[in-house]
>>> print(open('start.txt').read())   # compact mmCIF, N, CA and C atoms and all ligand atoms
# COMPACT_ATOMS: atom_id res chain seq x y z
N MET A 1376 76.80 138.30 77.26
CA MET A 1376 76.36 138.40 78.65
C MET A 1376 74.86 138.07 78.73
N ALA A 1377 74.49 137.38 79.82
CA ALA A 1377 73.09 136.99 79.99
C ALA A 1377 72.20 138.23 80.09
N ASP A 1378 70.94 138.08 79.67
CA ASP A 1378 70.00 139.18 79.80
C ASP A 1378 69.86 139.56 81.27
N LYS A 1379 69.62 140.86 81.49
CA LYS A 1379 69.40 141.33 82.86
C LYS A 1379 68.11 140.75 83.42
N THR A 1380 68.13 140.46 84.71
CA THR A 1380 66.89 140.05 85.37
C THR A 1380 66.01 141.30 85.59
N LEU A 1381 64.72 141.04 85.83
CA LEU A 1381 63.80 142.14 86.17
C LEU A 1381 64.36 142.99 87.30
N PHE A 1382 64.90 142.33 88.32
CA PHE A 1382 65.36 143.10 89.48
C PHE A 1382 66.68 143.82 89.20
N GLN A 1383 67.51 143.30 88.28
CA GLN A 1383 68.68 144.07 87.86
C GLN A 1383 68.23 145.35 87.17
N LYS A 1384 67.17 145.26 86.37
CA LYS A 1384 66.67 146.46 85.67
C LYS A 1384 66.15 147.47 86.67
N ILE A 1385 65.54 146.99 87.78
CA ILE A 1385 65.09 147.93 88.83
C ILE A 1385 66.30 148.53 89.53
N CYS A 1386 67.31 147.69 89.85
CA CYS A 1386 68.54 148.20 90.47
C CYS A 1386 69.16 149.30 89.61
N ASP A 1387 69.14 149.11 88.30
CA ASP A 1387 69.79 150.04 87.37
C ASP A 1387 68.86 151.16 86.92
N LYS A 1388 67.67 151.27 87.54
CA LYS A 1388 66.70 152.34 87.27
C LYS A 1388 66.18 152.30 85.83
N GLU A 1389 66.22 151.13 85.21
CA GLU A 1389 65.64 150.99 83.87
C GLU A 1389 64.15 150.72 83.97
N ILE A 1390 63.71 150.23 85.12
CA ILE A 1390 62.29 150.02 85.42
C ILE A 1390 62.04 150.74 86.73
N PRO A 1391 60.96 151.55 86.81
CA PRO A 1391 60.73 152.31 88.04
C PRO A 1391 60.23 151.42 89.18
N ALA A 1392 60.55 151.84 90.39
CA ALA A 1392 60.05 151.15 91.58
C ALA A 1392 60.06 152.17 92.72
N SER A 1393 59.28 151.88 93.72
CA SER A 1393 59.21 152.75 94.89
C SER A 1393 60.34 152.38 95.85
N MET A 1394 61.46 153.05 95.68
CA MET A 1394 62.68 152.72 96.43
C MET A 1394 62.58 153.18 97.87
N VAL A 1395 63.04 152.33 98.78
CA VAL A 1395 63.12 152.75 100.18
C VAL A 1395 64.57 152.72 100.69
N HIS A 1396 65.46 152.09 99.96
CA HIS A 1396 66.85 151.98 100.42
C HIS A 1396 67.74 151.65 99.22
N GLU A 1397 68.91 152.26 99.20
CA GLU A 1397 69.90 151.93 98.17
C GLU A 1397 71.28 152.04 98.79
N ASP A 1398 72.13 151.06 98.55
CA ASP A 1398 73.55 151.18 98.92
C ASP A 1398 74.37 150.41 97.89
N ASP A 1399 75.64 150.23 98.19
CA ASP A 1399 76.53 149.60 97.19
C ASP A 1399 76.21 148.13 96.97
N VAL A 1400 75.59 147.49 97.94
CA VAL A 1400 75.37 146.05 97.89
C VAL A 1400 73.95 145.68 97.49
N CYS A 1401 72.97 146.47 97.91
CA CYS A 1401 71.58 146.09 97.68
C CYS A 1401 70.69 147.30 97.46
N VAL A 1402 69.50 147.01 96.97
CA VAL A 1402 68.45 148.03 96.92
C VAL A 1402 67.21 147.41 97.57
N ALA A 1403 66.29 148.27 98.01
CA ALA A 1403 65.03 147.79 98.58
C ALA A 1403 63.91 148.68 98.05
N PHE A 1404 62.83 148.02 97.65
CA PHE A 1404 61.71 148.75 97.05
C PHE A 1404 60.41 148.05 97.42
N ARG A 1405 59.30 148.80 97.31
CA ARG A 1405 58.00 148.25 97.70
C ARG A 1405 57.53 147.25 96.65
N ASP A 1406 56.97 146.14 97.14
CA ASP A 1406 56.46 145.11 96.24
C ASP A 1406 55.29 145.69 95.44
N ILE A 1407 55.23 145.33 94.17
CA ILE A 1407 54.17 145.86 93.29
C ILE A 1407 52.80 145.27 93.65
N SER A 1408 52.79 144.16 94.35
CA SER A 1408 51.55 143.49 94.74
C SER A 1408 51.62 143.15 96.24
N PRO A 1409 51.49 144.20 97.08
CA PRO A 1409 51.78 144.00 98.50
C PRO A 1409 50.82 143.03 99.18
N GLN A 1410 51.40 142.16 100.01
CA GLN A 1410 50.62 141.16 100.75
C GLN A 1410 50.43 141.58 102.20
N ALA A 1411 50.89 142.76 102.56
CA ALA A 1411 50.76 143.29 103.92
C ALA A 1411 50.94 144.81 103.79
N PRO A 1412 50.54 145.57 104.82
CA PRO A 1412 50.71 147.03 104.73
C PRO A 1412 52.15 147.44 104.43
N VAL A 1413 53.11 146.72 104.99
CA VAL A 1413 54.51 146.92 104.60
C VAL A 1413 54.96 145.65 103.89
N HIS A 1414 55.35 145.76 102.64
CA HIS A 1414 55.87 144.62 101.88
C HIS A 1414 56.98 145.16 100.97
N ILE A 1415 58.18 144.91 101.40
CA ILE A 1415 59.37 145.47 100.74
C ILE A 1415 60.27 144.32 100.31
N LEU A 1416 60.86 144.46 99.15
CA LEU A 1416 61.81 143.47 98.63
C LEU A 1416 63.22 144.04 98.76
N ILE A 1417 64.11 143.25 99.35
CA ILE A 1417 65.51 143.65 99.50
C ILE A 1417 66.32 142.77 98.56
N VAL A 1418 67.00 143.40 97.63
CA VAL A 1418 67.58 142.71 96.47
C VAL A 1418 69.07 143.03 96.35
N PRO A 1419 69.92 142.01 96.30
CA PRO A 1419 71.34 142.29 96.08
C PRO A 1419 71.57 142.79 94.64
N ARG A 1420 72.50 143.70 94.50
CA ARG A 1420 72.83 144.14 93.13
C ARG A 1420 73.40 142.97 92.33
N LYS A 1421 74.13 142.10 93.00
CA LYS A 1421 74.66 140.91 92.33
C LYS A 1421 73.48 139.96 92.03
N PRO A 1422 73.34 139.52 90.80
CA PRO A 1422 72.17 138.70 90.44
C PRO A 1422 72.33 137.23 90.84
N ILE A 1423 72.46 137.00 92.14
CA ILE A 1423 72.44 135.62 92.65
C ILE A 1423 71.03 135.09 92.36
N PRO A 1424 70.88 133.96 91.66
CA PRO A 1424 69.52 133.56 91.25
C PRO A 1424 68.60 133.23 92.42
N ARG A 1425 69.13 132.52 93.41
CA ARG A 1425 68.30 132.09 94.54
C ARG A 1425 69.23 131.62 95.65
N ILE A 1426 68.67 131.42 96.84
CA ILE A 1426 69.53 131.10 97.99
C ILE A 1426 70.28 129.80 97.74
N ALA A 1427 69.66 128.84 97.04
CA ALA A 1427 70.33 127.56 96.78
C ALA A 1427 71.51 127.71 95.84
N ALA A 1428 71.62 128.84 95.16
CA ALA A 1428 72.74 129.09 94.24
C ALA A 1428 73.81 129.97 94.87
N ALA A 1429 73.58 130.43 96.10
CA ALA A 1429 74.58 131.28 96.76
C ALA A 1429 75.77 130.43 97.18
N THR A 1430 76.94 131.05 97.25
CA THR A 1430 78.16 130.35 97.65
C THR A 1430 78.80 131.09 98.81
N ALA A 1431 79.88 130.50 99.31
CA ALA A 1431 80.58 131.10 100.45
C ALA A 1431 81.01 132.53 100.13
N GLU A 1432 81.28 132.81 98.88
CA GLU A 1432 81.73 134.17 98.55
C GLU A 1432 80.59 135.19 98.68
N ASP A 1433 79.36 134.70 98.82
CA ASP A 1433 78.21 135.60 98.98
C ASP A 1433 77.86 135.84 100.46
N ALA A 1434 78.66 135.29 101.37
CA ALA A 1434 78.29 135.35 102.79
C ALA A 1434 78.07 136.79 103.28
N ALA A 1435 78.96 137.67 102.92
CA ALA A 1435 78.81 139.05 103.40
C ALA A 1435 77.58 139.70 102.80
N THR A 1436 77.29 139.39 101.54
CA THR A 1436 76.09 139.94 100.89
C THR A 1436 74.83 139.43 101.59
N LEU A 1437 74.79 138.15 101.90
CA LEU A 1437 73.60 137.58 102.56
C LEU A 1437 73.41 138.21 103.93
N GLY A 1438 74.49 138.38 104.67
CA GLY A 1438 74.38 139.03 105.97
C GLY A 1438 73.89 140.46 105.84
N HIS A 1439 74.38 141.14 104.83
CA HIS A 1439 73.99 142.53 104.60
C HIS A 1439 72.49 142.64 104.31
N LEU A 1440 71.95 141.68 103.57
CA LEU A 1440 70.51 141.72 103.25
C LEU A 1440 69.69 141.65 104.54
N LEU A 1441 70.08 140.79 105.48
CA LEU A 1441 69.31 140.65 106.72
C LEU A 1441 69.49 141.87 107.62
N LEU A 1442 70.70 142.40 107.69
CA LEU A 1442 70.89 143.62 108.48
C LEU A 1442 70.07 144.76 107.91
N THR A 1443 70.00 144.83 106.57
CA THR A 1443 69.21 145.87 105.93
C THR A 1443 67.72 145.67 106.22
N ALA A 1444 67.27 144.41 106.26
CA ALA A 1444 65.87 144.15 106.59
C ALA A 1444 65.54 144.70 107.97
N GLY A 1445 66.42 144.48 108.94
CA GLY A 1445 66.18 145.01 110.28
C GLY A 1445 66.17 146.53 110.31
N GLU A 1446 67.09 147.12 109.56
CA GLU A 1446 67.17 148.58 109.49
C GLU A 1446 65.89 149.16 108.88
N ILE A 1447 65.41 148.55 107.81
CA ILE A 1447 64.19 149.05 107.17
C ILE A 1447 62.98 148.81 108.07
N ALA A 1448 62.94 147.67 108.76
CA ALA A 1448 61.83 147.41 109.69
C ALA A 1448 61.76 148.53 110.73
N ARG A 1449 62.90 148.94 111.23
CA ARG A 1449 62.92 150.05 112.21
C ARG A 1449 62.43 151.33 111.56
N SER A 1450 62.90 151.62 110.36
CA SER A 1450 62.51 152.89 109.72
C SER A 1450 61.05 152.90 109.29
N GLU A 1451 60.48 151.70 109.06
CA GLU A 1451 59.06 151.61 108.67
C GLU A 1451 58.15 151.54 109.89
N GLY A 1452 58.75 151.47 111.09
CA GLY A 1452 57.97 151.47 112.33
C GLY A 1452 57.32 150.14 112.66
N ILE A 1453 57.87 149.03 112.16
CA ILE A 1453 57.28 147.72 112.43
C ILE A 1453 58.21 146.81 113.24
N ALA A 1454 59.31 147.38 113.71
CA ALA A 1454 60.28 146.54 114.44
C ALA A 1454 59.69 146.04 115.75
N ASP A 1455 58.89 146.87 116.42
CA ASP A 1455 58.35 146.48 117.73
C ASP A 1455 57.10 145.63 117.60
N THR A 1456 56.23 145.94 116.64
CA THR A 1456 55.02 145.12 116.46
C THR A 1456 55.36 143.76 115.86
N GLY A 1457 56.43 143.71 115.09
CA GLY A 1457 56.87 142.44 114.52
C GLY A 1457 56.73 142.40 113.01
N PHE A 1458 57.46 141.51 112.43
CA PHE A 1458 57.49 141.42 110.97
C PHE A 1458 58.04 140.06 110.59
N ARG A 1459 58.02 139.76 109.33
CA ARG A 1459 58.58 138.50 108.83
C ARG A 1459 59.54 138.78 107.68
N VAL A 1460 60.63 138.03 107.63
CA VAL A 1460 61.47 138.03 106.43
C VAL A 1460 61.33 136.64 105.81
N ALA A 1461 61.21 136.62 104.49
CA ALA A 1461 61.01 135.35 103.79
C ALA A 1461 61.82 135.37 102.50
N ILE A 1462 62.36 134.21 102.16
CA ILE A 1462 63.06 134.03 100.88
C ILE A 1462 62.44 132.81 100.22
N ASN A 1463 61.81 133.01 99.09
CA ASN A 1463 61.20 131.91 98.35
C ASN A 1463 62.24 131.33 97.39
N ASN A 1464 62.34 130.01 97.38
CA ASN A 1464 63.36 129.34 96.56
C ASN A 1464 62.71 128.23 95.73
N GLY A 1465 62.75 128.40 94.42
CA GLY A 1465 62.30 127.33 93.52
C GLY A 1465 60.79 127.19 93.47
N PRO A 1466 60.32 126.25 92.63
CA PRO A 1466 58.87 126.12 92.39
C PRO A 1466 58.06 125.87 93.65
N HIS A 1467 58.48 124.95 94.49
CA HIS A 1467 57.70 124.69 95.71
C HIS A 1467 57.78 125.83 96.71
N GLY A 1468 58.84 126.61 96.62
CA GLY A 1468 59.00 127.75 97.53
C GLY A 1468 58.24 128.98 97.10
N GLY A 1469 57.70 128.96 95.87
CA GLY A 1469 56.94 130.11 95.38
C GLY A 1469 57.78 131.18 94.71
N GLU A 1470 59.01 130.83 94.33
CA GLU A 1470 59.86 131.81 93.64
C GLU A 1470 59.31 132.10 92.25
N THR A 1471 59.13 133.39 91.94
CA THR A 1471 58.68 133.78 90.60
C THR A 1471 59.69 134.65 89.87
N VAL A 1472 60.59 135.27 90.59
CA VAL A 1472 61.63 136.10 89.95
C VAL A 1472 62.99 135.49 90.30
N PRO A 1473 63.72 135.01 89.29
CA PRO A 1473 64.98 134.30 89.56
C PRO A 1473 66.16 135.24 89.82
N HIS A 1474 65.97 136.09 90.80
CA HIS A 1474 67.04 136.98 91.30
C HIS A 1474 66.77 137.10 92.79
N LEU A 1475 67.69 136.61 93.60
CA LEU A 1475 67.49 136.52 95.05
C LEU A 1475 66.87 137.79 95.62
N HIS A 1476 65.88 137.62 96.48
CA HIS A 1476 65.26 138.78 97.15
C HIS A 1476 64.69 138.33 98.48
N VAL A 1477 64.79 139.22 99.44
CA VAL A 1477 64.24 138.99 100.77
C VAL A 1477 62.94 139.78 100.87
N HIS A 1478 61.85 139.09 101.19
CA HIS A 1478 60.58 139.78 101.44
C HIS A 1478 60.59 140.26 102.89
N LEU A 1479 60.24 141.51 103.11
CA LEU A 1479 60.01 142.06 104.46
C LEU A 1479 58.53 142.40 104.54
N LEU A 1480 57.83 141.71 105.42
CA LEU A 1480 56.37 141.86 105.53
C LEU A 1480 56.00 142.26 106.95
N GLY A 1481 55.10 143.21 107.08
CA GLY A 1481 54.66 143.59 108.41
C GLY A 1481 53.52 144.59 108.33
N GLY A 1482 53.12 145.07 109.50
CA GLY A 1482 52.02 146.02 109.56
C GLY A 1482 50.68 145.37 109.83
N ARG A 1483 50.65 144.05 109.93
CA ARG A 1483 49.46 143.30 110.34
C ARG A 1483 49.94 141.97 110.92
N PRO A 1484 49.08 141.31 111.72
CA PRO A 1484 49.48 139.98 112.20
C PRO A 1484 49.59 139.02 111.02
N LEU A 1485 50.64 138.22 111.01
CA LEU A 1485 50.87 137.26 109.92
C LEU A 1485 50.60 135.85 110.42
N GLN A 1486 49.98 135.05 109.59
CA GLN A 1486 49.65 133.67 109.97
C GLN A 1486 50.88 132.77 109.88
N TRP A 1487 50.85 131.72 110.67
CA TRP A 1487 51.89 130.69 110.58
C TRP A 1487 51.23 129.35 110.82
N PRO A 1488 51.50 128.29 110.06
CA PRO A 1488 52.45 128.29 108.95
C PRO A 1488 51.87 128.98 107.70
N PRO A 1489 52.74 129.45 106.80
CA PRO A 1489 52.26 130.00 105.54
C PRO A 1489 51.67 128.90 104.68
N GLY A 1490 50.95 129.26 103.65
CA GLY A 1490 50.27 128.28 102.80
C GLY A 1490 51.23 127.38 102.06
P1 LIG A 1501 58.86 135.70 94.61
O1 LIG A 1501 57.50 135.15 94.28
O2 LIG A 1501 59.85 135.43 93.50
O3 LIG A 1501 59.37 135.34 95.97
O4 LIG A 1501 58.66 137.27 94.72
C1 LIG A 1501 58.64 138.11 93.62
C2 LIG A 1501 57.94 139.37 94.06
O5 LIG A 1501 58.23 140.37 93.15
C3 LIG A 1501 56.41 139.24 94.13
O6 LIG A 1501 55.95 139.51 95.44
C4 LIG A 1501 55.92 140.25 93.10
O7 LIG A 1501 54.74 140.90 93.50
C5 LIG A 1501 57.11 141.20 93.01
N1 LIG A 1501 57.25 141.85 91.71
C6 LIG A 1501 57.18 141.23 90.49
N2 LIG A 1501 57.39 142.14 89.52
C7 LIG A 1501 57.61 143.33 90.15
C8 LIG A 1501 57.89 144.65 89.65
O8 LIG A 1501 58.00 144.90 88.45
N3 LIG A 1501 58.03 145.62 90.57
C9 LIG A 1501 57.94 145.38 91.92
N4 LIG A 1501 58.09 146.43 92.75
N5 LIG A 1501 57.68 144.16 92.41
C10 LIG A 1501 57.52 143.15 91.53
>>> encode(input="start.txt", output="structure tokens")
Amino acid sequence: MADKTLFQKICDKEIPASMVHEDDVCVAFRDISPQAPVHILIVPRKPIPRIAAATAEDAATLGHLLLTAGEIARSEGIADTGFRVAINNGPHGGETVPHLHVHLLGGRPLQWPPG
């Protein structure tokens, strides 16, 4: 079996993280290097490497990640002021951890377009 990804180890509590949400499909924890006052990563337990590697069988998981982002935005108090969800894919997208994750960023005005 392939080695566990960093985020699988966090899902399995082998590496500590500041958890904000856990369910059967995903976990969410605070980014170790936050780029905004709220910066949370929402990670499927299934180690889908990146969005470009997802398949039709992952549709429910992908939907669940976005619904969870909205739920966490509400619980973090940033739903009304606004927030961003981002998924980095591949070298040009800025992906550094090859395990799909949704960034939830908020708590300050965010620039557009990103760098
Ligand atoms: P990517 O660049 O792949 O879209 O995002 C990876 C994110 O994971 C980065 O924002 C980085 O700060 C975060 N990260 C990397 N290693 C760890 C870790 O061990 N713990 C936590 N909580 N976040 C991490």
>>> closest_atom_pairs(input="start.txt", of="chain A", to="ligand LIG 1501 (chain A)", cutoff="10 Å", atoms="only C-alpha atoms and all ligand atoms", output="JSON lines")
{"residue": "A:Leu1381", "atom": "CA", "partner": "A:LIG1501", "partner_atom": "O8", "distance": 6.8}
{"residue": "A:Phe1382", "atom": "CA", "partner": "A:LIG1501", "partner_atom": "C8", "distance": 7.6}
{"residue": "A:Lys1384", "atom": "CA", "partner": "A:LIG1501", "partner_atom": "O8", "distance": 9.2}
{"residue": "A:Ile1385", "atom": "CA", "partner": "A:LIG1501", "partner_atom": "N3", "distance": 7.6}
{"residue": "A:Ile1390", "atom": "CA", "partner": "A:LIG1501", "partner_atom": "O8", "distance": 7.3}
{"residue": "A:Pro1391", "atom": "CA", "partner": "A:LIG1501", "partner_atom": "N3", "distance": 7.6}
{"residue": "A:Ala1392", "atom": "CA", "partner": "A:LIG1501", "partner_atom": "N4", "distance": 5.2}
{"residue": "A:Ser1393", "atom": "CA", "partner": "A:LIG1501", "partner_atom": "N4", "distance": 6.8}
{"residue": "A:Met1394", "atom": "CA", "partner": "A:LIG1501", "partner_atom": "N4", "distance": 8.6}
{"residue": "A:Ala1403", "atom": "CA", "partner": "A:LIG1501", "partner_atom": "N4", "distance": 9.2}
{"residue": "A:Phe1404", "atom": "CA", "partner": "A:LIG1501", "partner_atom": "N4", "distance": 6.1}
{"residue": "A:Arg1405", "atom": "CA", "partner": "A:LIG1501", "partner_atom": "N4", "distance": 5.3}
{"residue": "A:Asp1406", "atom": "CA", "partner": "A:LIG1501", "partner_atom": "N4", "distance": 4.1}
{"residue": "A:Ile1407", "atom": "CA", "partner": "A:LIG1501", "partner_atom": "N4", "distance": 4.0}
{"residue": "A:Ser1408", "atom": "CA", "partner": "A:LIG1501", "partner_atom": "O7", "distance": 4.3}
{"residue": "A:Pro1409", "atom": "CA", "partner": "A:LIG1501", "partner_atom": "O7", "distance": 6.6}
{"residue": "A:Gln1410", "atom": "CA", "partner": "A:LIG1501", "partner_atom": "O6", "distance": 7.7}
{"residue": "A:His1414", "atom": "CA", "partner": "A:LIG1501", "partner_atom": "O6", "distance": 8.2}
{"residue": "A:Ile1415", "atom": "CA", "partner": "A:LIG1501", "partner_atom": "N4", "distance": 8.1}
{"residue": "A:Leu1416", "atom": "CA", "partner": "A:LIG1501", "partner_atom": "O5", "distance": 7.2}
{"residue": "A:Arg1425", "atom": "CA", "partner": "A:LIG1501", "partner_atom": "O2", "distance": 9.1}
{"residue": "A:Ala1461", "atom": "CA", "partner": "A:LIG1501", "partner_atom": "O3", "distance": 8.0}
{"residue": "A:Ile1462", "atom": "CA", "partner": "A:LIG1501", "partner_atom": "O3", "distance": 6.3}
{"residue": "A:Asn1463", "atom": "CA", "partner": "A:LIG1501", "partner_atom": "O3", "distance": 4.6}
{"residue": "A:Asn1464", "atom": "CA", "partner": "A:LIG1501", "partner_atom": "O3", "distance": 7.2}
{"residue": "A:Gly1465", "atom": "CA", "partner": "A:LIG1501", "partner_atom": "O2", "distance": 8.5}
{"residue": "A:Pro1466", "atom": "CA", "partner": "A:LIG1501", "partner_atom": "O1", "distance": 9.3}
{"residue": "A:Gly1468", "atom": "CA", "partner": "A:LIG1501", "partner_atom": "O3", "distance": 7.8}
{"residue": "A:Gly1469", "atom": "CA", "partner": "A:LIG1501", "partner_atom": "O1", "distance": 5.2}
{"residue": "A:Glu1470", "atom": "CA", "partner": "A:LIG1501", "partner_atom": "O2", "distance": 3.6}
{"residue": "A:Thr1471", "atom": "CA", "partner": "A:LIG1501", "partner_atom": "O2", "distance": 3.5}
{"residue": "A:Val1472", "atom": "CA", "partner": "A:LIG1501", "partner_atom": "O2", "distance": 4.0}
{"residue": "A:Pro1473", "atom": "CA", "partner": "A:LIG1501", "partner_atom": "O2", "distance": 6.6}
{"residue": "A:His1474", "atom": "CA", "partner": "A:LIG1501", "partner_atom": "O2", "distance": 7.7}
{"residue": "A:Leu1475", "atom": "CA", "partner": "A:LIG1501", "partner_atom": "O2", "distance": 7.9}
{"residue": "A:His1476", "atom": "CA", "partner": "A:LIG1501", "partner_atom": "O3", "distance": 6.9}
{"residue": "A:Val1477", "atom": "CA", "partner": "A:LIG1501", "partner_atom": "O3", "distance": 7.8}
{"residue": "A:His1478", "atom": "CA", "partner": "A:LIG1501", "partner_atom": "O3", "distance": 7.1}
>>> write_last_selection(input="start.txt", atoms="N, CA and C atoms", output="short mmCIF file (atom, residue, chain, number, x, y, z; two decimals), in the frame of the given file")
data_model
loop_
_atom_site.label_atom_id
_atom_site.label_comp_id
_atom_site.auth_asym_id
_atom_site.auth_seq_id
_atom_site.Cartn_x
_atom_site.Cartn_y
_atom_site.Cartn_z
N LEU A 1381 64.72 141.04 85.83
CA LEU A 1381 63.80 142.14 86.17
C LEU A 1381 64.36 142.99 87.30
N PHE A 1382 64.90 142.33 88.32
CA PHE A 1382 65.36 143.10 89.48
C PHE A 1382 66.68 143.82 89.20
N LYS A 1384 67.17 145.26 86.37
CA LYS A 1384 66.67 146.46 85.67
C LYS A 1384 66.15 147.47 86.67
N ILE A 1385 65.54 146.99 87.78
CA ILE A 1385 65.09 147.93 88.83
C ILE A 1385 66.30 148.53 89.53
N ILE A 1390 63.71 150.23 85.12
CA ILE A 1390 62.29 150.02 85.42
C ILE A 1390 62.04 150.74 86.73
N PRO A 1391 60.96 151.55 86.81
CA PRO A 1391 60.73 152.31 88.04
C PRO A 1391 60.23 151.42 89.18
N ALA A 1392 60.55 151.84 90.39
CA ALA A 1392 60.05 151.15 91.58
C ALA A 1392 60.06 152.17 92.72
N SER A 1393 59.28 151.88 93.72
CA SER A 1393 59.21 152.75 94.89
C SER A 1393 60.34 152.38 95.85
N MET A 1394 61.46 153.05 95.68
CA MET A 1394 62.68 152.72 96.43
C MET A 1394 62.58 153.18 97.87
N ALA A 1403 66.29 148.27 98.01
CA ALA A 1403 65.03 147.79 98.58
C ALA A 1403 63.91 148.68 98.05
N PHE A 1404 62.83 148.02 97.65
CA PHE A 1404 61.71 148.75 97.05
C PHE A 1404 60.41 148.05 97.42
N ARG A 1405 59.30 148.80 97.31
CA ARG A 1405 58.00 148.25 97.70
C ARG A 1405 57.53 147.25 96.65
N ASP A 1406 56.97 146.14 97.14
CA ASP A 1406 56.46 145.11 96.24
C ASP A 1406 55.29 145.69 95.44
N ILE A 1407 55.23 145.33 94.17
CA ILE A 1407 54.17 145.86 93.29
C ILE A 1407 52.80 145.27 93.65
N SER A 1408 52.79 144.16 94.35
CA SER A 1408 51.55 143.49 94.74
C SER A 1408 51.62 143.15 96.24
N PRO A 1409 51.49 144.20 97.08
CA PRO A 1409 51.78 144.00 98.50
C PRO A 1409 50.82 143.03 99.18
N GLN A 1410 51.40 142.16 100.01
CA GLN A 1410 50.62 141.16 100.75
C GLN A 1410 50.43 141.58 102.20
N HIS A 1414 55.35 145.76 102.64
CA HIS A 1414 55.87 144.62 101.88
C HIS A 1414 56.98 145.16 100.97
N ILE A 1415 58.18 144.91 101.40
CA ILE A 1415 59.37 145.47 100.74
C ILE A 1415 60.27 144.32 100.31
N LEU A 1416 60.86 144.46 99.15
CA LEU A 1416 61.81 143.47 98.63
C LEU A 1416 63.22 144.04 98.76
N ARG A 1425 69.13 132.52 93.41
CA ARG A 1425 68.30 132.09 94.54
C ARG A 1425 69.23 131.62 95.65
N ALA A 1461 61.21 136.62 104.49
CA ALA A 1461 61.01 135.35 103.79
C ALA A 1461 61.82 135.37 102.50
N ILE A 1462 62.36 134.21 102.16
CA ILE A 1462 63.06 134.03 100.88
C ILE A 1462 62.44 132.81 100.22
N ASN A 1463 61.81 133.01 99.09
CA ASN A 1463 61.20 131.91 98.35
C ASN A 1463 62.24 131.33 97.39
N ASN A 1464 62.34 130.01 97.38
CA ASN A 1464 63.36 129.34 96.56
C ASN A 1464 62.71 128.23 95.73
N GLY A 1465 62.75 128.40 94.42
CA GLY A 1465 62.30 127.33 93.52
C GLY A 1465 60.79 127.19 93.47
N PRO A 1466 60.32 126.25 92.63
CA PRO A 1466 58.87 126.12 92.39
C PRO A 1466 58.06 125.87 93.65
N GLY A 1468 58.84 126.61 96.62
CA GLY A 1468 59.00 127.75 97.53
C GLY A 1468 58.24 128.98 97.10
N GLY A 1469 57.70 128.96 95.87
CA GLY A 1469 56.94 130.11 95.38
C GLY A 1469 57.78 131.18 94.71
N GLU A 1470 59.01 130.83 94.33
CA GLU A 1470 59.86 131.81 93.64
C GLU A 1470 59.31 132.10 92.25
N THR A 1471 59.13 133.39 91.94
CA THR A 1471 58.68 133.78 90.60
C THR A 1471 59.69 134.65 89.87
N VAL A 1472 60.59 135.27 90.59
CA VAL A 1472 61.63 136.10 89.95
C VAL A 1472 62.99 135.49 90.30
N PRO A 1473 63.72 135.01 89.29
CA PRO A 1473 64.98 134.30 89.56
C PRO A 1473 66.16 135.24 89.82
N HIS A 1474 65.97 136.09 90.80
CA HIS A 1474 67.04 136.98 91.30
C HIS A 1474 66.77 137.10 92.79
N LEU A 1475 67.69 136.61 93.60
CA LEU A 1475 67.49 136.52 95.05
C LEU A 1475 66.87 137.79 95.62
N HIS A 1476 65.88 137.62 96.48
CA HIS A 1476 65.26 138.78 97.15
C HIS A 1476 64.69 138.33 98.48
N VAL A 1477 64.79 139.22 99.44
CA VAL A 1477 64.24 138.99 100.77
C VAL A 1477 62.94 139.78 100.87
N HIS A 1478 61.85 139.09 101.19
CA HIS A 1478 60.58 139.78 101.44
C HIS A 1478 60.59 140.26 102.89
#
>>> select_by_dssp(input="start.txt", residues="chain A", states="alpha helix (DSSP H)", output="list in words")
Leu1381, Phe1382, Gln1383, Lys1384, Ile1385, Cys1386, Ala1434, Ala1435, Thr1436, Leu1437, Gly1438, His1439, Leu1440, Leu1441, Leu1442, Thr1443, Ala1444, Gly1445, Glu1446, Ile1447, Ala1448, Arg1449, Ser1450, Glu1451, Gly1465, Pro1466, His1467 and Gly1468 of chain A
>>> atom_distance(input="start.txt", atom1="CA of Leu1440 (chain A)", atom2="atom C of Glu1397 (chain A)")
11.3 Å
>>> closest_residue(input="start.txt", among="A:Gly1481, A:Gly1490, A:Phe1458, A:Ala1435", to="Pro1412 (chain A)", atoms="only N, CA and C atoms")
A:Gly1481
>>> closest_residue(input="start.txt", among="A:Glu1389, A:Val1395, A:Asp1455, A:Pro1419", to="Leu1437 (chain A)", atoms="all atoms listed in the file")
A:Pro1419
>>> closest_residue(input="start.txt", among="A:Asp1378, A:Val1400, A:Pro1488, A:Asp1387", to="Leu1442 (chain A)", atoms="only C-alpha atoms")
A:Val1400
>>> atom_distance(input="start.txt", atom1="atom N of Asp1398 (chain A)", atom2="CA of Ala1431 (chain A)")
21.8 Å
>>> closest_residue(input="start.txt", among="A:Ile1423, A:Ala1428, A:Ile1447, A:Leu1480", to="Val1460 (chain A)", atoms="only N, CA and C atoms")
A:Leu1480
>>> atom_distance(input="start.txt", atom1="CA of Ile1426 (chain A)", atom2="CA of Asp1399 (chain A)")
19.8 Å
>>> residues_near_point(input="start.txt", point="(72.8, 144.0, 92.1)", cutoff="7 Å", atoms="only C-alpha atoms", output="short mmCIF file (atom, residue, chain, number, x, y, z; two decimals) with N, CA and C atoms, in the frame of the given file")
data_model
loop_
_atom_site.label_atom_id
_atom_site.label_comp_id
_atom_site.auth_asym_id
_atom_site.auth_seq_id
_atom_site.Cartn_x
_atom_site.Cartn_y
_atom_site.Cartn_z
N GLN A 1383 67.51 143.30 88.28
CA GLN A 1383 68.68 144.07 87.86
C GLN A 1383 68.23 145.35 87.17
N CYS A 1386 67.31 147.69 89.85
CA CYS A 1386 68.54 148.20 90.47
C CYS A 1386 69.16 149.30 89.61
N VAL A 1400 75.59 147.49 97.94
CA VAL A 1400 75.37 146.05 97.89
C VAL A 1400 73.95 145.68 97.49
N CYS A 1401 72.97 146.47 97.91
CA CYS A 1401 71.58 146.09 97.68
C CYS A 1401 70.69 147.30 97.46
N VAL A 1418 67.00 143.40 97.63
CA VAL A 1418 67.58 142.71 96.47
C VAL A 1418 69.07 143.03 96.35
N PRO A 1419 69.92 142.01 96.30
CA PRO A 1419 71.34 142.29 96.08
C PRO A 1419 71.57 142.79 94.64
N ARG A 1420 72.50 143.70 94.50
CA ARG A 1420 72.83 144.14 93.13
C ARG A 1420 73.40 142.97 92.33
N LYS A 1421 74.13 142.10 93.00
CA LYS A 1421 74.66 140.91 92.33
C LYS A 1421 73.48 139.96 92.03
N PRO A 1422 73.34 139.52 90.80
CA PRO A 1422 72.17 138.70 90.44
C PRO A 1422 72.33 137.23 90.84
#
